[in-house]
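**Q** Input run-v2.cif, format and content: mmCIF, C-alpha atoms.
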data_target
loop_
_atom_site.label_atom_id
_atom_site.label_comp_id
_atom_site.auth_asym_id
_atom_site.auth_seq_id
_atom_site.Cartn_x
_atom_site.Cartn_y
_atom_site.Cartn_z
CA MET A 264 2.23 -10.76 -3.27
CA HIS A 265 -0.54 -8.37 -2.19
CA GLU A 266 -3.12 -10.58 -3.90
CA MET A 267 -2.99 -12.78 -0.77
CA SER A 268 -4.15 -9.87 1.45
CA ILE A 269 -6.83 -9.03 -1.09
CA ALA A 270 -8.03 -12.65 -1.24
CA MET A 271 -8.21 -12.69 2.58
CA ASN A 272 -10.30 -9.51 2.58
CA ILE A 273 -12.66 -10.96 -0.04
CA VAL A 274 -13.27 -14.18 1.87
CA ASP A 275 -13.55 -12.23 5.14
CA ILE A 276 -16.24 -9.89 3.78
CA ALA A 277 -18.12 -12.72 2.04
CA CYS A 278 -18.11 -14.98 5.13
CA LYS A 279 -19.42 -12.15 7.31
CA GLU A 280 -22.28 -11.59 4.86
CA ALA A 281 -23.08 -15.32 4.77
CA GLU A 282 -22.99 -15.53 8.58
CA LYS A 283 -25.37 -12.56 8.84
CA GLU A 284 -27.79 -14.46 6.62
CA GLY A 285 -27.29 -17.67 8.57
CA ALA A 286 -26.24 -19.46 5.39
CA PRO A 287 -24.34 -22.76 5.76
CA SER A 288 -22.03 -22.16 2.80
CA ILE A 289 -21.11 -19.88 -0.09
CA SER A 290 -21.29 -21.08 -3.67
CA ILE A 291 -20.22 -17.98 -5.65
CA ILE A 292 -18.36 -14.76 -4.85
CA GLU A 293 -18.66 -12.11 -7.55
CA LEU A 294 -16.13 -9.29 -7.94
CA ASP A 295 -15.63 -6.22 -10.09
CA VAL A 296 -11.91 -5.82 -10.83
CA GLY A 297 -10.70 -2.92 -12.94
CA LYS A 298 -7.89 -3.51 -15.40
CA LEU A 299 -5.95 -0.69 -13.69
CA ALA A 300 -6.63 -1.87 -10.14
CA GLY A 301 -3.11 -3.24 -9.69
CA VAL A 302 -4.30 -6.81 -9.17
CA MET A 303 -3.18 -9.86 -11.12
CA ILE A 304 -6.27 -11.97 -11.70
CA ASP A 305 -4.34 -15.26 -11.94
CA SER A 306 -2.54 -14.60 -8.63
CA LEU A 307 -5.80 -13.62 -7.00
CA LYS A 308 -7.48 -16.85 -8.13
CA PHE A 309 -4.53 -18.87 -6.88
CA CYS A 310 -4.61 -17.18 -3.46
CA TYR A 311 -8.40 -17.37 -3.29
CA ASP A 312 -8.48 -21.16 -3.41
CA SER A 313 -6.03 -21.50 -0.52
CA VAL A 314 -7.69 -18.78 1.60
CA CYS A 315 -11.14 -20.40 1.19
CA LYS A 316 -10.05 -23.67 2.80
CA GLY A 317 -11.80 -24.27 6.12
CA THR A 318 -14.22 -21.36 5.65
CA LEU A 319 -17.84 -21.05 4.53
CA ALA A 320 -16.43 -20.27 1.08
CA GLU A 321 -14.60 -23.59 0.69
CA ASN A 322 -15.20 -24.99 -2.81
CA SER A 323 -16.92 -21.77 -3.88
CA LYS A 324 -16.50 -20.28 -7.32
CA LEU A 325 -14.86 -16.88 -7.86
CA LEU A 326 -16.58 -14.90 -10.59
CA ILE A 327 -14.60 -11.88 -11.78
CA ASN A 328 -16.06 -9.13 -13.97
CA GLU A 329 -13.09 -7.32 -15.51
CA ILE A 330 -13.82 -3.63 -15.92
CA VAL A 331 -12.10 -1.92 -18.85
CA GLY A 332 -10.14 1.26 -18.26
CA ARG A 333 -11.63 4.60 -19.40
CA GLY A 334 -9.92 7.94 -19.49
CA GLN A 335 -10.82 11.56 -20.14
CA CYS A 336 -8.40 14.03 -21.66
CA ILE A 337 -7.98 17.14 -19.51
CA LYS A 338 -6.97 19.26 -22.52
CA CYS A 339 -9.70 18.44 -25.05
CA GLY A 340 -12.28 16.58 -22.95
CA SER A 341 -12.57 13.51 -25.16
CA GLU A 342 -13.27 10.14 -23.54
CA PHE A 343 -11.75 6.85 -24.62
CA ASP A 344 -10.79 3.31 -23.55
CA ILE A 345 -7.35 2.88 -21.99
CA ASP A 346 -5.40 -0.26 -21.17
CA SER A 347 -2.53 1.27 -19.18
CA PHE A 348 -1.67 4.21 -16.93
CA MET A 349 0.46 5.63 -19.76
CA ALA A 350 -2.55 6.64 -21.80
CA ILE A 351 -2.37 9.12 -24.65
CA CYS A 352 -5.42 11.05 -25.86
CA PRO A 353 -6.24 9.73 -29.35
CA THR A 354 -7.64 13.16 -30.34
CA CYS A 355 -5.00 15.67 -29.20
CA GLU A 356 -2.16 13.31 -28.15
CA SER A 357 -1.95 14.79 -24.65
CA TYR A 358 -0.70 12.66 -21.75
CA GLU A 359 -2.85 14.57 -19.28
CA VAL A 360 -5.52 11.95 -18.95
CA GLU A 361 -7.70 11.41 -15.89
CA ILE A 362 -8.66 7.79 -15.30
CA THR A 363 -12.44 7.65 -14.95
CA GLN A 364 -12.89 3.87 -14.82
CA GLY A 365 -10.73 0.80 -14.29
CA ARG A 366 -9.54 1.09 -10.67
CA GLU A 367 -12.53 -0.87 -9.28
CA LEU A 368 -11.84 -3.50 -6.65
CA LYS A 369 -15.25 -4.38 -5.33
CA LEU A 370 -17.06 -7.37 -3.89
CA LYS A 371 -20.30 -7.20 -5.80
CA ALA A 372 -22.35 -10.15 -4.59
CA VAL A 373 -22.25 -13.39 -2.65
CA THR A 374 -24.38 -16.39 -3.58
CA VAL A 375 -25.15 -18.57 -0.58
CA ASN A 376 -26.73 -21.98 -0.20
CA GLU A 377 -29.84 -22.32 1.89
CA MET B 1200 -0.72 -19.01 15.56
CA CYS B 1201 2.09 -16.51 15.05
CA ASP B 1202 4.85 -18.13 13.03
CA THR B 1203 7.50 -15.78 14.37
CA CYS B 1204 7.39 -16.88 18.01
CA GLY B 1205 4.67 -19.53 18.23
CA CYS B 1206 2.43 -17.39 20.44
CA GLY B 1207 -1.32 -17.52 20.14
CA VAL B 1208 -1.81 -14.36 18.08
CA PRO B 1209 -3.88 -15.37 15.07
CA GLY B 1210 -3.57 -14.19 11.52
CA LYS B 1211 -0.54 -12.06 10.98
CA ALA B 1212 3.05 -12.68 12.01
CA VAL B 1213 3.80 -9.01 12.34
CA SER B 1214 6.02 -7.71 15.12
CA PHE B 1215 6.62 -4.20 16.44
CA ARG B 1216 9.91 -3.30 18.14
CA LYS B 1217 11.46 -0.13 19.38
CA HIS B 1218 15.19 0.33 19.01
CA GLY B 1219 16.94 -1.50 21.89
CA GLU B 1220 14.03 -3.86 22.68
CA ASP B 1221 14.95 -7.55 22.81
CA HIS B 1222 11.53 -9.07 22.40
CA HIS B 1223 9.02 -8.45 19.71
CA HIS B 1224 5.37 -8.00 20.52
CA HIS B 1225 2.21 -8.03 18.53
CA GLY B 1226 -0.63 -5.64 18.01
CA ASP B 1227 -3.15 -5.09 20.76
CA GLY B 1228 -6.10 -6.89 19.30
CA HIS B 1229 -7.00 -4.29 16.71
CA THR B 1230 -5.87 -6.62 13.98
CA HIS B 1231 -8.67 -8.24 12.06
CA SER B 1232 -8.65 -11.99 12.25
CA HIS B 1233 -8.94 -13.96 9.06
CA ASP B 1234 -9.86 -17.18 10.80
CA HIS B 1235 -13.18 -18.51 9.66
CA ASP B 1236 -13.19 -22.05 10.82
CA HIS B 1237 -16.83 -23.01 10.72
CA PRO B 1238 -17.26 -26.68 9.98
CA HIS B 1239 -20.46 -27.45 8.13
CA ASP B 1240 -20.66 -31.15 7.64
CA HIS B 1241 -24.42 -31.47 7.44
CA THR B 1242 -25.87 -32.46 4.08
CA HIS B 1243 -27.96 -30.30 1.80
CA ASP B 1244 -30.32 -32.47 -0.14
CA HIS B 1245 -32.54 -29.62 -1.36
CA ARG B 1246 -30.14 -26.74 -1.78
CA HIS B 1247 -31.34 -23.39 -3.02
CA ASP B 1248 -28.97 -20.64 -3.94
CA ARG B 1249 -29.64 -17.05 -3.03
CA THR B 1250 -27.58 -14.07 -4.16
CA ILE B 1251 -26.89 -11.22 -1.73
CA ALA B 1252 -25.85 -7.86 -3.17
CA VAL B 1253 -22.76 -6.71 -1.20
CA GLU B 1254 -21.24 -3.84 -3.25
CA GLN B 1255 -18.30 -3.36 -0.86
CA ASP B 1256 -14.83 -2.05 -1.58
CA ILE B 1257 -12.49 -5.01 -1.02
CA LEU B 1258 -9.92 -2.70 0.58
CA GLY B 1259 -12.68 -0.86 2.45
CA GLU B 1260 -11.53 -1.89 5.91
CA ASN B 1261 -7.96 -0.72 5.26
CA ASN B 1262 -9.26 2.52 3.75
CA LEU B 1263 -11.43 3.15 6.80
CA LEU B 1264 -8.51 2.54 9.17
CA ALA B 1265 -6.34 4.81 7.01
CA GLN B 1266 -8.91 7.59 7.37
CA ARG B 1267 -8.83 7.11 11.13
CA ASN B 1268 -5.04 7.51 11.05
CA ARG B 1269 -5.42 10.59 8.85
CA GLY B 1270 -7.81 12.15 11.35
CA TYR B 1271 -5.38 11.49 14.21
CA PHE B 1272 -2.50 13.06 12.29
CA GLU B 1273 -4.61 16.06 11.36
CA ALA B 1274 -5.74 16.61 14.95
CA LYS B 1275 -2.14 16.58 16.18
CA ASN B 1276 -0.86 18.61 13.22
CA ILE B 1277 1.45 15.80 12.16
CA PHE B 1278 2.68 15.83 8.58
CA SER B 1279 3.04 12.21 7.47
CA ILE B 1280 5.00 10.78 4.58
CA ASN B 1281 4.89 7.25 3.18
CA LEU B 1282 8.18 6.43 1.45
CA VAL B 1283 7.87 3.66 -1.14
CA SER B 1284 10.47 2.23 -3.53
CA SER B 1285 12.30 -0.90 -4.66
CA PRO B 1286 14.77 -2.33 -2.14
CA GLY B 1287 18.11 -0.51 -2.37
CA SER B 1288 16.93 2.84 -3.75
CA GLY B 1289 18.42 4.63 -0.75
CA LYS B 1290 15.33 5.36 1.35
CA THR B 1291 17.09 4.78 4.66
CA THR B 1292 20.12 6.91 3.73
CA LEU B 1293 17.74 9.64 2.57
CA LEU B 1294 15.96 9.41 5.93
CA GLU B 1295 19.21 9.52 7.92
CA LYS B 1296 20.37 12.65 6.08
CA THR B 1297 16.94 14.28 6.25
CA LEU B 1298 16.57 13.65 10.01
CA THR B 1299 20.08 14.94 10.71
CA ALA B 1300 19.31 18.13 8.78
CA LEU B 1301 15.93 18.59 10.54
CA LYS B 1302 17.42 18.72 14.04
CA ASP B 1303 15.13 21.60 15.02
CA THR B 1304 11.95 19.80 13.95
CA GLU B 1305 10.18 17.06 15.93
CA CYS B 1306 10.28 13.88 13.84
CA ALA B 1307 9.45 10.21 14.29
CA VAL B 1308 9.97 7.20 12.05
CA ILE B 1309 8.10 3.95 11.42
CA GLU B 1310 10.30 1.43 9.61
CA GLY B 1311 8.84 -1.46 7.63
CA ASP B 1312 10.88 -4.51 6.61
CA GLN B 1313 10.17 -8.21 6.45
CA GLN B 1314 13.01 -8.95 8.88
CA THR B 1315 15.75 -7.30 11.01
CA MET B 1316 16.12 -4.15 13.10
CA ASN B 1317 18.86 -2.82 10.81
CA ASP B 1318 17.00 0.23 9.51
CA ALA B 1319 15.59 1.15 12.94
CA ASP B 1320 19.11 0.97 14.36
CA ARG B 1321 20.40 3.32 11.66
CA VAL B 1322 17.58 5.80 12.27
CA ALA B 1323 17.99 5.56 16.08
CA ALA B 1324 21.60 6.68 15.66
CA THR B 1325 20.25 10.09 14.55
CA GLY B 1326 18.45 10.41 17.91
CA VAL B 1327 14.95 10.31 16.39
CA PRO B 1328 12.27 8.01 17.95
CA VAL B 1329 11.77 4.99 15.72
CA LEU B 1330 9.67 1.85 15.69
CA GLN B 1331 10.45 -1.14 13.50
CA ILE B 1332 7.62 -3.19 12.02
CA ASN B 1333 8.72 -6.61 10.81
CA THR B 1334 6.04 -7.92 8.52
CA GLY B 1335 7.34 -11.52 8.47
CA ASN B 1336 6.31 -12.64 5.00
CA GLY B 1337 4.20 -9.54 4.35
CA CYS B 1338 5.09 -7.44 1.30
CA HIS B 1339 3.62 -4.10 2.44
CA LEU B 1340 2.53 -2.09 5.48
CA ASP B 1341 -1.16 -1.54 6.09
CA ALA B 1342 -3.17 1.07 7.97
CA ASP B 1343 -3.73 -1.16 10.99
CA MET B 1344 0.02 -1.73 11.46
CA ILE B 1345 0.58 2.04 11.33
CA HIS B 1346 -2.13 2.58 13.95
CA THR B 1347 -0.44 0.13 16.34
CA ALA B 1348 2.99 1.63 15.61
CA TYR B 1349 2.15 5.30 16.22
CA ARG B 1350 0.40 4.48 19.48
CA GLU B 1351 3.65 2.88 20.65
CA LEU B 1352 5.68 5.85 19.45
CA GLN B 1353 3.49 8.48 21.17
CA LEU B 1354 3.87 11.08 18.47
CA LYS B 1355 4.37 14.72 19.38
CA ASN B 1356 2.11 17.49 18.12
CA ASP B 1357 3.40 19.65 15.24
CA SER B 1358 5.82 17.00 14.01
CA ILE B 1359 6.73 14.99 10.92
CA LEU B 1360 6.15 11.24 10.73
CA PHE B 1361 8.20 9.37 8.15
CA ILE B 1362 6.98 5.88 7.27
CA GLU B 1363 9.50 3.80 5.36
CA ASN B 1364 7.47 1.10 3.66
CA VAL B 1365 8.72 -2.40 2.82
CA GLY B 1366 11.06 -2.20 -0.20
CA ASN B 1367 8.71 -3.25 -2.99
CA LEU B 1368 7.65 -1.34 -6.08
CA VAL B 1369 4.35 -3.19 -6.51
CA CYS B 1370 2.35 -4.14 -3.42
CA PRO B 1371 2.48 -1.00 -1.20
CA ALA B 1372 0.70 0.93 -3.98
CA LEU B 1373 -2.72 -0.39 -3.01
CA PHE B 1374 -2.59 0.24 0.71
CA ASP B 1375 -3.45 3.71 2.01
CA LEU B 1376 -1.78 4.25 5.39
CA GLY B 1377 -3.45 7.60 6.09
CA GLU B 1378 -0.39 9.57 5.00
CA ASP B 1379 -0.47 13.17 3.77
CA LYS B 1380 1.94 12.53 0.92
CA ARG B 1381 3.18 9.40 -0.76
CA VAL B 1382 6.75 9.68 -1.97
CA VAL B 1383 8.16 7.20 -4.47
CA VAL B 1384 11.96 7.00 -4.53
CA ILE B 1385 13.81 5.77 -7.61
CA SER B 1386 17.59 5.62 -7.91
CA VAL B 1387 19.53 6.18 -11.11
CA THR B 1388 20.99 2.67 -10.93
CA GLU B 1389 17.54 1.17 -11.50
CA GLY B 1390 16.80 2.19 -15.10
CA ASP B 1391 14.85 5.18 -16.38
CA ASP B 1392 11.90 3.07 -17.56
CA LYS B 1393 10.84 1.98 -14.04
CA PRO B 1394 7.76 4.29 -14.06
CA ALA B 1395 6.60 2.59 -17.27
CA LYS B 1396 7.28 -0.90 -15.92
CA TYR B 1397 5.71 -0.35 -12.49
CA PRO B 1398 3.08 2.30 -13.16
CA THR B 1399 0.66 1.62 -10.29
CA ILE B 1400 3.02 2.88 -7.60
CA PHE B 1401 3.80 6.03 -9.61
CA ASP B 1402 0.10 6.56 -10.28
CA GLN B 1403 -0.62 6.61 -6.53
CA ALA B 1404 2.34 8.86 -5.54
CA ASP B 1405 2.42 12.63 -5.01
CA ILE B 1406 6.19 13.10 -5.11
CA CYS B 1407 8.96 11.32 -7.01
CA ILE B 1408 12.51 11.54 -5.68
CA ILE B 1409 15.26 10.60 -8.14
CA ASN B 1410 18.12 9.55 -5.83
CA LYS B 1411 21.84 8.82 -6.31
CA ILE B 1412 22.28 11.50 -8.99
CA ASP B 1413 26.01 11.57 -8.11
CA LEU B 1414 26.22 8.26 -10.02
CA LEU B 1415 24.76 9.68 -13.25
CA PRO B 1416 28.16 9.86 -15.04
CA TYR B 1417 28.60 6.10 -14.54
CA VAL B 1418 25.17 4.73 -15.51
CA GLN B 1419 22.85 4.74 -18.51
CA PHE B 1420 20.04 6.75 -16.92
CA ASP B 1421 18.27 9.59 -18.68
CA VAL B 1422 16.67 11.78 -15.98
CA GLU B 1423 14.41 13.58 -18.47
CA LYS B 1424 13.22 10.32 -19.98
CA CYS B 1425 12.46 8.94 -16.50
CA LYS B 1426 10.46 12.06 -15.62
CA GLN B 1427 8.61 11.89 -18.91
CA HIS B 1428 7.65 8.26 -18.29
CA ALA B 1429 6.52 9.11 -14.76
CA LEU B 1430 4.48 12.12 -15.93
CA GLN B 1431 2.80 9.99 -18.57
CA VAL B 1432 1.60 7.76 -15.74
CA ASN B 1433 0.75 10.60 -13.34
CA HIS B 1434 0.84 14.19 -14.57
CA HIS B 1435 0.42 15.53 -11.00
CA LEU B 1436 3.84 14.22 -9.84
CA GLU B 1437 6.37 16.66 -8.39
CA PHE B 1438 10.07 15.76 -8.68
CA PHE B 1439 13.19 16.15 -6.56
CA GLU B 1440 16.57 15.15 -7.98
CA LEU B 1441 19.15 14.56 -5.30
CA SER B 1442 21.96 12.50 -3.87
CA ALA B 1443 21.41 11.65 -0.20
CA THR B 1444 25.06 10.52 -0.06
CA THR B 1445 26.73 13.71 -1.34
CA GLY B 1446 23.98 16.12 -0.26
CA GLU B 1447 23.46 17.50 -3.78
CA GLY B 1448 19.84 18.63 -4.23
CA MET B 1449 18.96 18.00 -0.56
CA ASP B 1450 18.29 21.70 0.12
CA THR B 1451 15.25 21.80 -2.17
CA TRP B 1452 13.82 18.64 -0.57
CA LEU B 1453 14.37 19.96 2.96
CA LYS B 1454 12.83 23.32 2.09
CA TRP B 1455 9.77 21.56 0.69
CA LEU B 1456 9.44 19.52 3.90
CA LYS B 1457 9.71 22.61 6.10
CA ASP B 1458 7.12 24.39 3.95
CA GLN B 1459 4.70 21.52 4.51
CA ILE B 1460 4.77 21.79 8.32
CA SER B 1461 4.59 25.58 8.34
CA LYS B 1462 1.39 25.46 6.23
#
Would you mind giving the structure from this file in structure tokens?
**A**
Amino acid sequence: MHEMSIAMNIVDIACKEAEKEGAPSISIIELDVGKLAGVMIDSLKFCYDSVCKGTLAENSKLLINEIVGRGQCIKCGSEFDIDSFMAICPTCESYEVEITQGRELKLKAVTVNE
Amino acid sequence: MCDTCGCGVPGKAVSFRKHGEDHHHHGDGHTHSHDHDHPHDHTHDHRHDRTIAVEQDILGENNLLAQRNRGYFEAKNIFSINLVSSPGSGKTTLLEKTLTALKDTECAVIEGDQQTMNDADRVAATGVPVLQINTGNGCHLDADMIHTAYRELQLKNDSILFIENVGNLVCPALFDLGEDKRVVVISVTEGDDKPAKYPTIFDQADICIINKIDLLPYVQFDVEKCKQHALQVNHHLEFFELSATTGEGMDTWLKWLKDQISK
């Protein structure tokens, strides 16, 4: 379950930021997670709660902005929403689609208590 | 505390062992600790929240370490391959046969498994230097483990490094190790719809090896359908169809490997 490693990284980055600011605790961690990022949100939330224990992020809330997938057809250039890696261009039915959005896995912001 | 041996190494329970070594040892302090034990039992009667913009890639640290590995490999002219697949696809047999055929080329191997030295022992029998990483409960290798492993192995210039990742068709997809090429291995006993079911790992691969083709007469596996599924996920994929056991198709794979180091 790679979501455990990812949860550890999230809490690690957030705690370092909070420490830099001298904040006593973290109340919210906000993420951008693309639908094609290869991360199961439910697993991540589950791991997050256990990783937070004993850290500045204990009892904090995890806020996840899910980013929809977008693709661009290499053949005809049209752009469209996609919900899987097996995307087909709705205009020319080509499978040669470059994913332009949806792989995001980013820690966007940390809300700390003062 | 390490839950393999009870030593004081924090965080991971990862061990690194060369073939023939009795005792496992840990990394040399380059691992990043995940311990954040900062008790804060004072009260906050007038709490104010403040939001800090971070905008950091969650896998940024791994990606940075992977780039460091990539730079090291490039400087030493080492061609590196990350082999990923489900358990049982034949990665180790493919490695054994490949290493035996590449007798005139300097090679080294990093093996990744949760437990045992079995794969390292098999590779060592070919005479190639090998280091086994046991990840404990870990489901994938990461760039930091590879860094520790290749420093132990003391890689030669102008060589090939094969990294056999933990058998898992999901988790290794997200972790760049600094390799030149990522190779996903699928065997014909697994079902031709695997690329559709586990697309992330095929999306991140450069090469797809379809192994155990000698078993095609006995299984319901449509090679063309499998390739079509894989290309729908990743239209850049290159394919090799082979049987590591019988040697069928191995020539094309070996020629491709030799072409990569002569580039």
**Q** May I ask for the distance between CA of Lys316 (chain A) and CA of Glu266 (chain A), given in Å to one decimal place?
**A** 16.3 Å
**Q** Could you tell me which residues the PyMOL selection byres ((chain B and resi 1305) around 9) grabs in this file, written as a PyMOL selection string?
**A** chain B and resi 1301-1304+1306-1307+1327+1355-1360
**Q** Skip Phe343 (chain A) itself and residues of its chain fewer than 3 positions away, then list as a ChimeraX atom specification all residues within 9 Å of it, counting only C-alpha atoms.
**A** /A:332-336,352-353
**Q** Can you work out which one of A:Leu325, A:Thr318, A:Glu282, A:Lys338 has the shortest atom-to-atom distance to chain B, counting all atoms listed in the file?
**A**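 Ranked by minimum distance to chain B, first place goes to A:Thr318.
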**Q** What does the PyMOL selection byres ((chain B and resi 1428-1445) around 7) select in this file, as a PyMOL selection string?
**A** (chain A and resi 348-349+358-359) or (chain B and resi 1292-1293+1296+1392+1394-1395+1398+1401-1402+1405-1413+1424-1427+1446-1449+1452)
**Q** Convert the output of the PyMOL selection byres ((chain A) within 7 of (chain B)) on the shown file into explicit residues, formatted as a list in words.
**A**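 So the PyMOL selection byres ((chain A) within 7 of (chain B)), applied here, picks out Met264, His265, Ile269, Met271, Asn272, Ile273, Asp275, Pro287, Gly301, Gly317, Thr318, Leu319, Phe348, Met349, Tyr358, Glu359, Leu368, Lys369, Leu370, Lys371, Ala372, Val373, Thr374, Val375, Asn376 and Glu377 of chain A.
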**Q** Could you tell me how far CA of Arg366 (chain A) sits from CA of Val1422 (chain B), in Å to one decimal place?
**A**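 CA of Val1422 (chain B) sits 28.8 Å away from CA of Arg366 (chain A).
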**Q** Looking at B:Thr1388, B:Gln1313, B:Gln1403, B:Thr1347, which one is nearest to Phe1420 (chain B), with distances taken over only C-alpha atoms?
**A** B:Thr1388
**Q** How would you write as a list of chain:residue names the residues that get within 7 Å of (-13.0, -4.1, -19.3) in the file's frame, counting all atoms listed in the file?
**A**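 The distance filter leaves exactly A:Gly297, A:Lys298, A:Glu329, A:Ile330, A:Val331, A:Gly332.
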**Q** What is the CA of Thr1299 (chain B) to CA of Gly1270 (chain B) distance in Å?
**A** 28.0 Å
**Q** Env of Glu1378 (chain B): 12 Å cut, atoms = all atoms listed in the file, seq-sep filter 3 positions within chain, self excluded. Answer as a VMD selection string.
**A** chain B and resid 1262 1264 to 1273 1277 to 1283 1341 to 1342 1345 to 1346 1359 to 1364 1374 to 1375 1381 to 1382 1403 to 1405
**Q** Could you dump the residues just selected with C-alpha atoms as a JSON list (two decimals), in the frame of the given file?
**A**
[["chain", "number", "residue", "atom", "x", "y", "z"],
["B", 1262, "ASN", "CA", -9.26, 2.52, 3.75],
["B", 1264, "LEU", "CA", -8.51, 2.54, 9.17],
["B", 1265, "ALA", "CA", -6.34, 4.81, 7.01],
["B", 1266, "GLN", "CA", -8.91, 7.59, 7.37],
["B", 1267, "ARG", "CA", -8.83, 7.11, 11.13],
["B", 1268, "ASN", "CA", -5.04, 7.51, 11.05],
["B", 1269, "ARG", "CA", -5.42, 10.59, 8.85],
["B", 1270, "GLY", "CA", -7.81, 12.15, 11.35],
["B", 1271, "TYR", "CA", -5.38, 11.49, 14.21],
["B", 1272, "PHE", "CA", -2.50, 13.06, 12.29],
["B", 1273, "GLU", "CA", -4.61, 16.06, 11.36],
["B", 1277, "ILE", "CA", 1.45, 15.80, 12.16],
["B", 1278, "PHE", "CA", 2.68, 15.83, 8.58],
["B", 1279, "SER", "CA", 3.04, 12.21, 7.47],
["B", 1280, "ILE", "CA", 5.00, 10.78, 4.58],
["B", 1281, "ASN", "CA", 4.89, 7.25, 3.18],
["B", 1282, "LEU", "CA", 8.18, 6.43, 1.45],
["B", 1283, "VAL", "CA", 7.87, 3.66, -1.14],
["B", 1341, "ASP", "CA", -1.16, -1.54, 6.09],
["B", 1342, "ALA", "CA", -3.17, 1.07, 7.97],
["B", 1345, "ILE", "CA", 0.58, 2.04, 11.33],
["B", 1346, "HIS", "CA", -2.13, 2.58, 13.95],
["B", 1359, "ILE", "CA", 6.73, 14.99, 10.92],
["B", 1360, "LEU", "CA", 6.15, 11.24, 10.73],
["B", 1361, "PHE", "CA", 8.20, 9.37, 8.15],
["B", 1362, "ILE", "CA", 6.98, 5.88, 7.27],
["B", 1363, "GLU", "CA", 9.50, 3.80, 5.36],
["B", 1364, "ASN", "CA", 7.47, 1.10, 3.66],
["B", 1374, "PHE", "CA", -2.59, 0.24, 0.71],
["B", 1375, "ASP", "CA", -3.45, 3.71, 2.01],
["B", 1381, "ARG", "CA", 3.18, 9.40, -0.76],
["B", 1382, "VAL", "CA", 6.75, 9.68, -1.97],
["B", 1403, "GLN", "CA", -0.62, 6.61, -6.53],
["B", 1404, "ALA", "CA", 2.34, 8.86, -5.54],
["B", 1405, "ASP", "CA", 2.42, 12.63, -5.01]]
**Q** Which of these residues is nearest to Ala1300 (chain B), using all atoms listed in the file: B:Gly1390, B:Thr1325, B:Tyr1417, B:Gly1377?
**A**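 For Ala1300 (chain B), the nearest of the given residues is B:Thr1325.
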**Q** Would you mind listing what lies within 7 Å of Gln1331 (chain B) as a short mmCIF file (atom, residue, chain, number, x, y, z; two decimals) with C-alpha atoms, in the coordinates of the input, with only C-alpha atoms counted and same-chain residues fewer than 3 positions away left out?
**A**
data_model
loop_
_atom_site.label_atom_id
_atom_site.label_comp_id
_atom_site.auth_asym_id
_atom_site.auth_seq_id
_atom_site.Cartn_x
_atom_site.Cartn_y
_atom_site.Cartn_z
CA PHE B 1215 6.62 -4.20 16.44
CA ARG B 1216 9.91 -3.30 18.14
CA LYS B 1217 11.46 -0.13 19.38
CA ILE B 1309 8.10 3.95 11.42
CA GLU B 1310 10.30 1.43 9.61
CA GLY B 1311 8.84 -1.46 7.63
CA MET B 1316 16.12 -4.15 13.10
CA ALA B 1319 15.59 1.15 12.94
#
**Q** With distances taken over only C-alpha atoms, which residue among A:Ile337, A:Ile327, A:Ala320, A:Ile304 lies nearest Glu280 (chain A)?
**A**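 The answer is A:Ala320, which sits nearest to Glu280 (chain A).
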**Q** I'd like the neighbourhood of Asp312 (chain A) as a PDB file with C-alpha atoms, in the coordinates of the input, where a residue qualifies if any of its atoms comes within 9 Å (using all atoms listed in the file), though same-chain residues fewer than 2 positions away should be ignored.
**A**
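Output saved as out33.pdb:
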ATOM      1  CA  ALA A 270      -8.030 -12.650  -1.240  1.00  0.00           C
ATOM      2  CA  LEU A 307      -5.800 -13.620  -7.000  1.00  0.00           C
ATOM      3  CA  LYS A 308      -7.480 -16.850  -8.130  1.00  0.00           C
ATOM      4  CA  PHE A 309      -4.530 -18.870  -6.880  1.00  0.00           C
ATOM      5  CA  CYS A 310      -4.610 -17.180  -3.460  1.00  0.00           C
ATOM      6  CA  VAL A 314      -7.690 -18.780   1.600  1.00  0.00           C
ATOM      7  CA  CYS A 315     -11.140 -20.400   1.190  1.00  0.00           C
ATOM      8  CA  LYS A 316     -10.050 -23.670   2.800  1.00  0.00           C
ATOM      9  CA  GLU A 321     -14.600 -23.590   0.690  1.00  0.00           C
ATOM     10  CA  ASN A 322     -15.200 -24.990  -2.810  1.00  0.00           C
ATOM     11  CA  SER A 323     -16.920 -21.770  -3.880  1.00  0.00           C
ATOM     12  CA  LYS A 324     -16.500 -20.280  -7.320  1.00  0.00           C
ATOM     13  CA  LEU A 325     -14.860 -16.880  -7.860  1.00  0.00           C
TER      14      LEU A 325
END
**Q** Identify which of the residues A:Met267, A:Cys355, A:Gly365, A:Ala350 lies closest to Asp305 (chain A), counting all atoms listed in the file when measuring atom-to-atom distances.
**A** A:Met267
